[in-house]
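The next block is my_file.txt, given as compact mmCIF, C-alpha atoms.
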# COMPACT_ATOMS: atom_id res chain seq x y z
CA ARG Q 217 -46.70 -39.81 -174.41
CA ARG Q 218 -48.21 -36.47 -173.49
CA THR Q 219 -45.42 -35.96 -170.99
CA GLY Q 220 -42.88 -36.60 -173.70
CA GLU Q 221 -44.44 -34.00 -175.97
CA ALA Q 222 -44.48 -31.31 -173.31
CA LEU Q 223 -40.84 -32.01 -172.48
CA ARG Q 224 -39.82 -31.90 -176.13
CA ALA Q 225 -41.70 -28.64 -176.64
CA PHE Q 226 -39.95 -27.28 -173.55
CA HIS Q 227 -36.46 -28.17 -174.81
CA THR Q 228 -37.26 -26.76 -178.24
CA ALA Q 229 -38.46 -23.50 -176.72
CA ILE Q 230 -35.32 -23.25 -174.60
CA ARG Q 231 -33.03 -24.06 -177.51
CA SER Q 232 -34.64 -21.63 -179.92
CA SER Q 233 -34.73 -18.70 -177.51
CA PRO Q 234 -33.91 -15.56 -179.56
CA GLY Q 235 -30.77 -14.70 -177.59
CA SER Q 236 -29.39 -11.42 -178.81
CA SER Q 237 -32.28 -10.50 -181.08
CA ARG Q 238 -33.28 -6.87 -180.69
CA SER Q 239 -36.66 -7.21 -182.33
CA GLN Q 240 -39.34 -6.72 -179.72
CA ALA Q 241 -41.79 -8.69 -181.84
CA VAL Q 242 -39.49 -11.70 -181.97
CA LYS Q 243 -38.93 -11.56 -178.23
CA GLU Q 244 -42.64 -11.28 -177.48
CA GLN Q 245 -43.42 -14.22 -179.68
CA ALA Q 246 -40.81 -16.32 -177.87
CA GLN Q 247 -42.23 -15.20 -174.50
CA GLY Q 248 -45.72 -16.22 -175.60
CA THR Q 249 -44.54 -19.62 -176.83
CA MET Q 250 -42.58 -20.29 -173.65
CA LEU Q 251 -45.53 -19.30 -171.46
CA LYS Q 252 -47.79 -21.69 -173.38
CA VAL Q 253 -45.29 -24.50 -172.90
CA LEU Q 254 -44.79 -23.80 -169.20
CA THR Q 255 -48.52 -23.63 -168.46
CA SER Q 256 -49.14 -26.87 -170.35
CA PHE Q 257 -47.12 -28.88 -167.83
CA LYS Q 258 -48.69 -30.87 -165.03
CA SER Q 259 -47.29 -30.02 -161.59
CA SER Q 260 -45.76 -33.47 -161.24
CA GLU Q 261 -43.77 -33.11 -164.47
CA ILE Q 262 -42.05 -29.83 -163.66
CA GLU Q 263 -39.21 -31.14 -161.52
CA GLN Q 264 -38.06 -33.59 -164.18
CA ALA Q 265 -38.07 -30.87 -166.80
CA VAL Q 266 -35.98 -28.54 -164.65
CA ASN Q 267 -33.48 -31.29 -163.84
CA SER Q 268 -32.96 -31.94 -167.55
CA LEU Q 269 -31.47 -28.48 -168.05
CA ASP Q 270 -27.86 -27.38 -167.76
CA ARG Q 271 -26.81 -24.31 -165.74
CA ASN Q 272 -27.40 -21.91 -168.64
CA GLY Q 273 -30.78 -23.49 -169.31
CA VAL Q 274 -31.87 -22.97 -165.71
CA ASP Q 275 -30.79 -19.31 -165.87
CA LEU Q 276 -32.75 -18.90 -169.11
CA LEU Q 277 -35.81 -20.60 -167.63
CA MET Q 278 -35.69 -18.28 -164.62
CA LYS Q 279 -35.68 -15.27 -166.96
CA TYR Q 280 -38.78 -16.55 -168.73
CA ILE Q 281 -40.51 -17.28 -165.42
CA TYR Q 282 -40.07 -13.68 -164.30
CA LYS Q 283 -41.15 -12.44 -167.73
CA GLY Q 284 -44.26 -14.56 -167.31
CA PHE Q 285 -44.92 -12.96 -163.91
CA GLU Q 286 -44.72 -9.54 -165.56
CA LYS Q 287 -47.55 -10.35 -167.93
CA PRO Q 288 -49.95 -12.57 -166.05
CA SER Q 289 -52.81 -14.33 -167.71
CA GLU Q 290 -55.53 -16.42 -166.15
CA ASN Q 291 -53.98 -18.99 -163.78
CA SER Q 292 -50.50 -18.45 -165.23
CA SER Q 293 -49.02 -17.21 -161.96
CA ALA Q 294 -49.96 -20.35 -160.06
CA ILE Q 295 -48.11 -22.70 -162.39
CA LEU Q 296 -45.21 -20.23 -162.74
CA LEU Q 297 -44.81 -20.23 -158.97
CA GLN Q 298 -44.37 -24.00 -159.11
CA TRP Q 299 -41.80 -23.65 -161.90
CA HIS Q 300 -40.09 -20.96 -159.81
CA GLU Q 301 -39.84 -23.25 -156.79
CA LYS Q 302 -38.20 -26.03 -158.80
CA ALA Q 303 -35.91 -23.72 -160.74
CA LEU Q 304 -34.80 -22.05 -157.52
CA ALA Q 305 -33.94 -25.40 -155.97
CA VAL Q 306 -31.54 -26.08 -158.84
CA GLY Q 307 -30.28 -22.64 -159.75
CA GLY Q 308 -30.13 -21.10 -156.30
CA LEU Q 309 -30.41 -17.42 -155.54
CA GLY Q 310 -27.66 -16.82 -158.08
CA SER Q 311 -30.06 -17.59 -160.92
CA ILE Q 312 -32.44 -14.91 -159.64
CA ILE Q 313 -29.56 -12.44 -159.25
CA ARG Q 314 -28.73 -13.03 -162.91
CA VAL Q 315 -32.34 -12.24 -163.92
CA LEU Q 316 -31.90 -8.87 -162.22
CA THR Q 317 -28.46 -8.12 -163.65
CA ALA Q 318 -28.89 -9.40 -167.20
CA ARG Q 319 -28.27 -6.83 -169.95
CA LYS Q 320 -29.96 -9.00 -172.56
CA THR Q 321 -33.50 -9.71 -171.46
CA VAL Q 322 -35.65 -12.44 -172.93
CA TRP A 96 7.14 9.97 -156.16
CA VAL A 97 5.85 9.67 -159.70
CA CYS A 98 2.12 9.83 -160.28
CA LYS A 99 0.50 8.86 -163.56
CA HIS A 100 -3.13 8.38 -164.50
CA ILE A 101 -4.55 5.40 -166.40
CA LYS A 102 -7.92 6.45 -167.77
CA LYS A 103 -8.67 4.62 -170.98
CA PRO A 104 -10.72 2.59 -171.54
CA ILE A 105 -12.19 2.44 -168.01
CA ARG A 106 -15.74 3.75 -168.02
CA SER A 107 -16.82 3.56 -164.42
CA THR A 108 -15.66 3.24 -160.83
CA VAL A 109 -12.75 0.91 -160.18
CA LEU A 110 -13.71 -1.28 -157.23
CA SER A 111 -10.68 -3.48 -156.94
CA LEU A 112 -6.96 -3.65 -157.75
CA ASP A 113 -4.27 -6.31 -157.56
CA TRP A 114 -0.60 -6.23 -158.58
CA HIS A 115 1.07 -8.93 -160.63
CA PRO A 116 4.17 -10.33 -158.84
CA ASN A 117 6.38 -8.50 -161.37
CA ASN A 118 5.19 -5.22 -159.83
CA VAL A 119 4.41 -3.77 -163.26
CA LEU A 120 1.14 -5.30 -164.37
CA LEU A 121 -1.94 -4.09 -162.52
CA ALA A 122 -5.37 -5.74 -162.61
CA ALA A 123 -8.42 -3.54 -162.14
CA GLY A 124 -12.06 -4.56 -161.63
CA SER A 125 -14.64 -1.93 -162.49
CA CYS A 126 -18.33 -1.05 -162.29
CA ASP A 127 -18.32 -1.09 -166.09
CA PHE A 128 -18.47 -4.87 -165.68
CA LYS A 129 -14.93 -5.54 -166.86
CA CYS A 130 -11.71 -6.95 -165.50
CA ARG A 131 -8.65 -5.37 -167.11
CA ILE A 132 -4.90 -5.81 -166.82
CA PHE A 133 -2.81 -2.70 -167.49
CA SER A 134 0.89 -2.07 -167.64
CA ALA A 135 1.97 0.42 -165.02
CA TYR A 136 5.59 0.43 -166.21
CA ILE A 137 7.08 3.84 -165.51
CA LYS A 138 10.40 3.97 -167.32
CA GLU A 139 11.71 6.93 -165.32
CA VAL A 140 11.86 4.93 -162.13
CA GLU A 141 12.06 1.24 -162.94
CA GLU A 142 13.81 -1.28 -165.16
CA ARG A 143 12.20 -2.61 -168.27
CA PRO A 144 10.10 -5.62 -167.28
CA SER A 145 10.68 -9.04 -168.85
CA PRO A 146 7.93 -10.57 -170.97
CA THR A 147 5.15 -12.40 -169.17
CA PRO A 148 2.41 -14.71 -170.51
CA TRP A 149 0.25 -11.57 -170.69
CA GLY A 150 2.48 -10.05 -173.34
CA SER A 151 5.93 -8.64 -173.96
CA LYS A 152 5.32 -5.00 -174.87
CA MET A 153 4.34 -3.08 -171.75
CA PRO A 154 4.31 0.67 -172.37
CA PHE A 155 2.60 2.58 -169.61
CA GLY A 156 -1.18 2.27 -169.77
CA GLU A 157 -1.11 -0.59 -172.25
CA LEU A 158 -4.19 -2.79 -171.99
CA MET A 159 -2.84 -6.34 -171.77
CA PHE A 160 -6.18 -8.03 -171.16
CA GLU A 161 -9.84 -7.04 -171.00
CA SER A 162 -12.69 -9.40 -170.16
CA SER A 163 -15.83 -9.47 -172.23
CA SER A 164 -18.77 -8.22 -170.27
CA SER A 165 -20.12 -10.20 -167.47
CA CYS A 166 -23.25 -8.53 -166.27
CA GLY A 167 -22.25 -7.14 -162.95
CA TRP A 168 -19.90 -4.79 -161.18
CA VAL A 169 -16.55 -6.46 -160.65
CA HIS A 170 -16.18 -6.39 -156.88
CA SER A 171 -12.85 -8.08 -156.41
CA ILE A 172 -9.95 -9.23 -158.50
CA CYS A 173 -6.86 -11.32 -157.71
CA PHE A 174 -3.72 -12.54 -159.48
CA SER A 175 -2.50 -16.04 -158.70
CA ALA A 176 0.91 -16.32 -157.02
CA SER A 177 2.65 -16.91 -160.37
CA GLY A 178 0.74 -14.07 -161.98
CA SER A 179 -0.31 -16.14 -164.96
CA ARG A 180 -3.93 -16.37 -163.77
CA VAL A 181 -6.35 -13.69 -162.68
CA ALA A 182 -9.72 -14.29 -161.04
CA TRP A 183 -12.61 -11.93 -160.38
CA VAL A 184 -16.10 -11.95 -158.88
CA SER A 185 -19.03 -9.97 -160.25
CA HIS A 186 -22.36 -8.77 -158.98
CA ASP A 187 -24.20 -11.16 -161.28
CA SER A 188 -23.14 -13.98 -158.97
CA THR A 189 -20.37 -15.20 -161.23
CA LEU A 190 -16.75 -16.12 -160.63
CA CYS A 191 -14.36 -15.88 -163.59
CA LEU A 192 -10.73 -16.79 -164.22
CA ALA A 193 -8.49 -15.81 -167.13
CA ASP A 194 -5.51 -18.10 -167.77
CA ALA A 195 -2.63 -16.47 -169.65
CA GLY A 196 -1.13 -19.93 -170.02
CA LYS A 197 -4.12 -20.85 -172.17
CA LYS A 198 -4.07 -17.76 -174.40
CA MET A 199 -6.08 -15.78 -171.85
CA ALA A 200 -9.02 -18.20 -172.09
CA VAL A 201 -11.69 -17.26 -169.58
CA ALA A 202 -13.46 -19.85 -167.46
CA SER A 203 -16.60 -18.72 -165.72
CA LEU A 204 -18.96 -20.17 -163.17
CA CYS A 205 -22.55 -19.04 -162.58
CA THR A 206 -22.83 -19.61 -158.85
CA GLU A 207 -25.95 -20.49 -156.89
CA THR A 208 -25.05 -17.96 -154.27
CA LEU A 209 -25.71 -14.31 -153.66
CA PRO A 210 -23.03 -12.08 -155.25
CA LEU A 211 -19.48 -12.61 -154.03
CA LEU A 212 -17.58 -9.52 -152.91
CA ALA A 213 -14.07 -10.83 -152.34
CA VAL A 214 -11.83 -13.47 -153.88
CA THR A 215 -8.29 -14.70 -153.39
CA PHE A 216 -6.14 -17.57 -154.64
CA ILE A 217 -4.93 -19.93 -151.91
CA THR A 218 -3.05 -22.20 -154.31
CA GLU A 219 -2.40 -21.82 -158.01
CA SER A 220 -5.67 -23.69 -158.71
CA SER A 221 -7.82 -23.06 -155.64
CA LEU A 222 -9.74 -19.95 -154.72
CA VAL A 223 -11.60 -18.78 -151.65
CA ALA A 224 -14.41 -16.30 -152.25
CA ALA A 225 -17.10 -14.79 -150.02
CA GLY A 226 -19.78 -12.14 -150.13
CA HIS A 227 -23.41 -11.56 -149.32
CA ASP A 228 -23.95 -15.14 -148.15
CA CYS A 229 -21.63 -14.32 -145.24
CA CYS A 230 -19.70 -17.53 -145.76
CA PRO A 231 -16.29 -18.22 -147.35
CA MET A 232 -16.40 -20.84 -150.08
CA LEU A 233 -13.87 -22.90 -151.97
CA PHE A 234 -13.66 -22.94 -155.76
CA THR A 235 -11.36 -25.05 -157.90
CA TYR A 236 -9.90 -24.35 -161.35
CA GLU A 237 -9.39 -27.41 -163.50
CA GLU A 238 -6.73 -26.37 -165.98
CA SER A 239 -7.05 -29.34 -168.33
CA GLN A 240 -10.74 -28.67 -168.93
CA GLY A 241 -10.66 -24.92 -168.44
CA THR A 242 -13.49 -25.04 -165.92
CA LEU A 243 -14.27 -23.66 -162.49
CA SER A 244 -16.27 -25.62 -159.95
CA PHE A 245 -17.71 -25.05 -156.50
CA GLY A 246 -15.75 -26.91 -153.83
CA GLY A 247 -17.92 -26.37 -150.77
CA LYS A 248 -18.70 -23.93 -148.00
CA LEU A 249 -15.94 -23.36 -145.48
CA ASP A 250 -18.12 -22.18 -142.62
CA VAL A 251 -20.04 -25.20 -141.47
CA PRO A 252 -21.67 -24.45 -138.16
CA LYS A 253 -21.43 -27.08 -135.47
CA GLN A 254 -24.82 -28.42 -134.61
CA SER A 255 -25.67 -26.42 -131.53
CA SER A 256 -28.12 -28.05 -129.19
CA GLN A 257 -31.63 -26.93 -129.88
CA ARG A 258 -32.83 -25.26 -126.77
CA GLY A 259 -36.30 -23.88 -126.40
CA LEU A 260 -36.96 -20.19 -125.99
CA THR A 261 -37.67 -18.81 -122.57
CA ALA A 262 -40.92 -16.95 -122.14
CA ARG A 263 -38.91 -13.72 -121.94
CA GLU A 264 -37.20 -14.44 -125.28
CA ARG A 265 -40.51 -15.22 -126.90
CA PHE A 266 -41.89 -11.90 -125.77
CA GLN A 267 -38.78 -10.08 -127.01
CA ASN A 268 -39.13 -11.69 -130.42
CA LEU A 269 -42.77 -10.72 -130.54
CA ASP A 270 -41.89 -7.17 -129.62
CA LYS A 271 -38.94 -6.81 -132.04
CA LYS A 272 -40.10 -8.83 -135.00
CA ALA A 273 -43.85 -9.17 -134.56
CA SER A 274 -43.35 -12.91 -134.57
CA SER A 275 -42.32 -15.55 -132.08
CA ASP A 276 -41.18 -17.78 -134.91
CA THR A 277 -37.66 -19.03 -134.19
CA ALA A 278 -36.76 -20.11 -137.70
CA ASN A 279 -34.04 -17.96 -139.31
CA ALA A 280 -33.91 -15.72 -136.25
CA SER A 281 -30.18 -15.35 -136.82
CA LEU A 282 -27.56 -16.58 -139.24
CA ASP A 283 -25.74 -19.83 -138.60
CA THR A 284 -22.55 -18.44 -140.08
CA LEU A 285 -19.69 -16.95 -138.12
CA HIS A 286 -20.07 -13.62 -139.89
CA LYS A 287 -23.47 -12.10 -139.28
CA ASN A 288 -23.34 -9.85 -142.30
CA SER A 289 -21.71 -9.83 -145.74
CA ILE A 290 -18.01 -10.59 -145.98
CA SER A 291 -16.34 -7.74 -147.84
CA GLN A 292 -12.66 -8.67 -147.82
CA ILE A 293 -10.45 -11.74 -147.75
CA SER A 294 -6.70 -11.48 -147.11
CA VAL A 295 -4.02 -14.15 -147.20
CA LEU A 296 -2.16 -14.08 -143.87
CA THR A 297 0.43 -16.83 -144.11
CA GLY A 298 1.74 -19.08 -146.83
CA GLY A 299 1.29 -16.70 -149.73
CA LYS A 300 -1.21 -17.13 -152.55
CA ASP A 301 0.35 -20.41 -153.65
CA LYS A 302 0.37 -22.29 -150.34
CA CYS A 303 -1.95 -20.31 -148.11
CA SER A 304 -2.14 -21.72 -144.61
CA GLN A 305 -4.18 -18.96 -143.02
CA PHE A 306 -6.52 -16.34 -144.43
CA CYS A 307 -8.59 -13.61 -142.84
CA THR A 308 -12.11 -12.42 -143.58
CA THR A 309 -13.62 -9.10 -142.59
CA GLY A 310 -17.28 -8.30 -142.86
CA MET A 311 -19.94 -5.68 -142.63
CA ASP A 312 -20.76 -7.05 -139.21
CA GLY A 313 -17.54 -5.46 -138.01
CA GLY A 314 -16.09 -8.89 -137.43
CA MET A 315 -12.67 -10.22 -138.39
CA SER A 316 -12.05 -13.96 -138.54
CA ILE A 317 -8.90 -15.93 -139.14
CA TRP A 318 -9.28 -19.26 -140.90
CA ASP A 319 -6.73 -22.08 -140.75
CA VAL A 320 -6.59 -24.11 -143.94
CA LYS A 321 -5.31 -27.33 -142.33
CA SER A 322 -8.04 -27.21 -139.70
CA LEU A 323 -10.64 -26.72 -142.42
CA GLU A 324 -9.29 -29.67 -144.39
CA SER A 325 -9.53 -31.96 -141.39
CA ALA A 326 -12.91 -30.68 -140.24
CA LEU A 327 -14.61 -30.79 -143.64
CA LYS A 328 -14.00 -34.27 -145.00
CA ASP A 329 -15.21 -33.55 -148.53
CA LEU A 330 -12.98 -30.53 -148.96
CA LYS A 331 -10.40 -30.97 -151.68
CA ILE A 332 -7.87 -28.20 -152.07
CA LYS A 333 -5.77 -28.71 -155.19

Could you render the structure as structure tokens?
Amino acid sequence: RRTGEALRAFHTAIRSSPGSSRSQAVKEQAQGTMLKVLTSFKSSEIEQAVNSLDRNGVDLLMKYIYKGFEKPSENSSAILLQWHEKALAVGGLGSIIRVLTARKTV
Amino acid sequence: WVCKHIKKPIRSTVLSLDWHPNNVLLAAGSCDFKCRIFSAYIKEVEERPSPTPWGSKMPFGELMFESSSSCGWVHSICFSASGSRVAWVSHDSTLCLADAGKKMAVASLCTETLPLLAVTFITESSLVAAGHDCCPMLFTYEESQGTLSFGGKLDVPKQSSQRGLTARERFQNLDKKASSDTANASLDTLHKNSISQISVLTGGKDKCSQFCTTGMDGGMSIWDVKSLESALKDLKIK
């Protein structure tokens, strides 16, 4: 049940990502929400969550992971590294390249 | 000779060019992230070109097609043999294809690879591309769905026998790399550095039978399509 909630929250956060919003406040709020969702996952649940995404979703997730690395909080980096490992396995180096080249950041 | 300059609306370095088979339309890939097709029709020296799926009015410099921004320098661009499709690779690790037969609809693929630097058609629906992964790869365009998909790596190293390092080699590794670790000591691929160019040698862009890759390792390799098809069982070239 708890797993289901985390997964639903994850998909909601991915779906409602601001996209082309220019408002820094909106973007920061989305970053904060996503970070909360990502850190709420148990290690064993991460792979399933990543596999439930399509190619664009994985690219978006990778952007949020790096954003999370930029603004570390207590213990956030450890769980983000696990997310990174799983996202990399699915998205490949190309997904990281697209974090670096993206004009629209999250 | 006649020399004319096409400037607008290019905003940065042009990295790649390819001519349409009608010898009038010219595709250009630029560091401003766009692929464009221009008319290079010079009425003083050539006959008026017939209409193509890219359009019928072709005054000099006319922009027949411009892609919406990918997010990377366009390294390489290529018309298909018929000229009705154009493909390009960008530094954001994407491969794109515009199909004039489908109202210039663009299909794009976010690859899992490092950025590709070179691309060519080998049939009207199959592409070979290569770049910083040092390995040529096959991509397929599915016209009915308007999608591009990855068809597999073309450089599959034979399993060389694992031999141990001699004591001398271990010491050399320790001296050169501060590590005697053998993992990833060298690339498995034929090219030991990025592949920067792919050229069709025989068969043309519609029935390529041999293509050539050149790389930043100074190497030049010739690849035989039939041999690849028989060696790599899962390879499907449309």

Item to check | Point-to-point distance in Å for CA of Phe133 (chain A) and CA of Gly156 (chain A) | outcome: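 Taking CA of Gly156 (chain A) as the start and CA of Phe133 (chain A) as the end point, the length is 5.7 Å.
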
Item to check | Exercise answer, chain Q residues close to chain A, 12 Å and only C-alpha atoms, as a PyMOL selection string | outcome: chain Q and resi 270-275+303-321

Checklist entry - Hey, which of Q:Lys258, Q:Gln247, Q:Val266, Q:Ala241 ends up closest to Glu286 (chain Q)? Count all atoms listed in the file. => result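 Of Q:Lys258, Q:Gln247, Q:Val266, Q:Ala241, the one nearest Glu286 (chain Q), counting all atoms listed in the file, is Q:Gln247.
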
Next on the checklist: If we count only C-alpha atoms and set the cut-off at 8 Å, which residues sit around region 234-241 of chain A, ignoring sequence neighbours fewer than 2 positions away in its own chain? Please answer as a list in words.
Outcome noted: Ala200, Val201, Ala202, Ser220, Ser221, Leu222, Val223, Ala224, Met232, Leu243, Ser244, Phe245, Gly246, Gly247, Ile332 and Lys333 of chain A

Next on the checklist: With only C-alpha atoms as the counted atoms, please give the residues lying no more than 10 Å from Thr297 (chain A), apart from itself and same-chain residues fewer than 6 positions off, as a list in words.
Outcome noted: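 Selected residues are Ile217, Cys303, Ser304, Gln305, Phe306, Cys307 and Asp319 of chain A.
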
Checklist entry - Expressed in Å to a single decimal, how great is the separation between CA of Ser260 (chain Q) and CA of Val322 (chain Q)? => result 26.1 Å

Item to check | Two-atom distance - CA of Pro234 (chain Q), CA of Met278 (chain Q) (Å) | outcome: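 So the answer is 15.3 Å.
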
Item to check | Within-12 Å shell of (0.4, -1.1, -167.0) in input frame, all atoms listed in the file, as a ChimeraX atom specification | outcome: /A:99-103,113-115,117-123,131-138,143-144,149-160

Item to check | Best match for closeness to Leu251 (chain Q) among Q:Ala265, Q:Leu276, Q:Ala222, Q:Leu296, counting all atoms listed in the file | outcome: Q:Leu296

Checklist entry - Which polymer residues have any atom within 9 Å of an atom of His227 (chain Q), counting only C-alpha atoms, with same-chain residues fewer than 4 positions away left out, as a list in words? => result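 Once the adjacent positions are removed, what remains is Ala222, Leu223, Arg231, Ser232, Ala265, Ser268 and Leu269 of chain Q.
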
Checklist entry - Can you tell me, as a count of residues only, what residues are no more than 8 Å from Leu254 (chain Q) when counting all atoms listed in the file, ignoring any on the same chain fewer than 4 positions away? => result 5

If you take every atom of region 295-305 of chain Q that the file lists and fit an axis-aligned box around them with 6 Å extra on each side, what centre and edge lengths come out in Å to one decimal, as lines of an AutoDock Vina configuration file?
center_x = -41.0
center_y = -23.1
center_z = -159.4
size_x = 26.2
size_y = 17.8
size_z = 18.8
